[in-house]
Amino acid sequence: MPTLPDNQFERYLKQFRPLAPEQLQLEEHSATKSRTRALAAWGSVAAAVIIAFLIVYPRLRRLTERGVQPGSVAQITVPQMKVPQPLTIRSADALLADAPSFKAAVDTLALPSHATSFGVKQSALEVLGKDSEL
Amino acid sequence: MQPLRTNSVEVELLYREHGPVLLLFASSIAGDRGRAQDAVQQIFLRMLENRKLDEVEDVKAYLFTCVRNTILNDHKSSQRNAALEEESAWFDPPHRDYAAERNLRRALASLPDDQREVLVLHVWGELTFLQTAEVLGISSNTAASRYRYALANLRESLCAKEDSCANPSR
């Protein structure tokens, strides 16, 4: 049996062509990939909603349970103060005693009393006289 | 400058061009055609996801290296001592000589692993000894030497079976 030289034997071997592999599953791969991405996106959204709910719900619940408590911000209002007309030392004293703060008392005094006091023609002596009578 | 990602057309072209011989190489290492097919597909799909081929100098050698690493990293392959699969064909034989194809496959299977790798890379992969050496992590002299032994052993094995080596024009 004759033996082929190397180069001829190589040529003989090359006549056998390797079989092609199966088609590359690119579409299936990209579909799987996009499905995974969509799932991941939905998962993130769901997680964000759950976290937000867990943060907000206890606060809401606490507020609902507590309702409006005395001294809470919602309740702090300047009490309705009757400013006697005209302004007297006594009424000012009363006003200062009733007001939640000095500033509130001064504010209450400042606006309406001026208007009324300037609107009515009364002398200061008259007012002081009335005051001393009381 | 950021290198461009390998697009699907480029990957598809590479798969068409090198797929058959990569599959042959994978089969010659793994023995199991199915596992070889999976490994080759895996490489191309991975390449599509994150590989930047313009960073690679020798794409062909790189692909063979990837195939080899993938097969060898597979933990099942570390336990492989089984004979190469007999059933599935590896080649499209000349003149539809399926007996010759089977004989060639058996003769290849009878070679030591290192000789078979070198032979497949050089004959069907058409890699130079330098490229072959790069893929296998050996010197080019070793690659050339292994090739000579592989060729002699293959020829002997084929001639022992039948006269297929004596009549290549068939």
# chains A, B, ... in the order shown; residues from 1 in each chain; ligands from 1
>>> interface_residues(of="chain A", to="chain B", cutoff="9 Å", atoms="only C-alpha atoms", output="list of chain:residue names")
A:Met1, A:Pro2, A:Thr3, A:Leu4, A:Asp6, A:Gln8, A:Phe9, A:Glu10, A:Arg11, A:Tyr12, A:Leu13, A:Lys14, A:Gln15, A:Phe16, A:Arg17, A:Pro18, A:Leu19, A:Ala20, A:Pro21, A:Glu22, A:Gln23, A:Leu24, A:Gln25, A:Leu26, A:His29
>>> write_last_selection(atoms="C-alpha atoms", output="mmCIF file, in the first residue's frame")
data_model
loop_
_atom_site.group_PDB
_atom_site.id
_atom_site.type_symbol
_atom_site.label_atom_id
_atom_site.label_comp_id
_atom_site.auth_asym_id
_atom_site.auth_seq_id
_atom_site.Cartn_x
_atom_site.Cartn_y
_atom_site.Cartn_z
ATOM 1 C CA MET A 1 0.000 0.000 0.000
ATOM 2 C CA PRO A 2 1.685 3.255 -1.062
ATOM 3 C CA THR A 3 1.981 5.954 1.534
ATOM 4 C CA LEU A 4 1.117 9.499 0.481
ATOM 5 C CA ASP A 6 2.527 14.774 3.798
ATOM 6 C CA GLN A 8 -0.885 15.080 -0.542
ATOM 7 C CA PHE A 9 -2.233 13.502 2.589
ATOM 8 C CA GLU A 10 -3.136 16.962 3.897
ATOM 9 C CA ARG A 11 -4.946 17.684 0.642
ATOM 10 C CA TYR A 12 -6.813 14.420 0.975
ATOM 11 C CA LEU A 13 -7.842 15.310 4.528
ATOM 12 C CA LYS A 14 -9.025 18.760 3.467
ATOM 13 C CA GLN A 15 -11.472 17.175 1.066
ATOM 14 C CA PHE A 16 -13.486 16.282 4.143
ATOM 15 C CA ARG A 17 -15.329 19.459 4.911
ATOM 16 C CA PRO A 18 -16.429 20.059 8.504
ATOM 17 C CA LEU A 19 -20.213 20.050 8.824
ATOM 18 C CA ALA A 20 -21.879 23.353 9.547
ATOM 19 C CA PRO A 21 -23.297 23.905 13.005
ATOM 20 C CA GLU A 22 -26.956 24.581 13.688
ATOM 21 C CA GLN A 23 -28.264 28.061 12.978
ATOM 22 C CA LEU A 24 -27.208 30.606 15.551
ATOM 23 C CA GLN A 25 -30.224 31.265 17.803
ATOM 24 C CA LEU A 26 -29.923 35.039 17.663
ATOM 25 C CA HIS A 29 -31.583 34.929 22.348
#
>>> select_by_dssp(residues="segment 34-148 of chain B", states="helix (DSSP H, G or I)", output="ChimeraX atom specification")
/B:34-50,53-55,59-73,75-78,94-96,98-109,113-124,129-136,140-148
>>> closest_residue(among="B:Ile43, B:Leu53, B:Ile71, B:Ala143", to="Ala30 of chain B", atoms="only C-alpha atoms")
B:Ile71
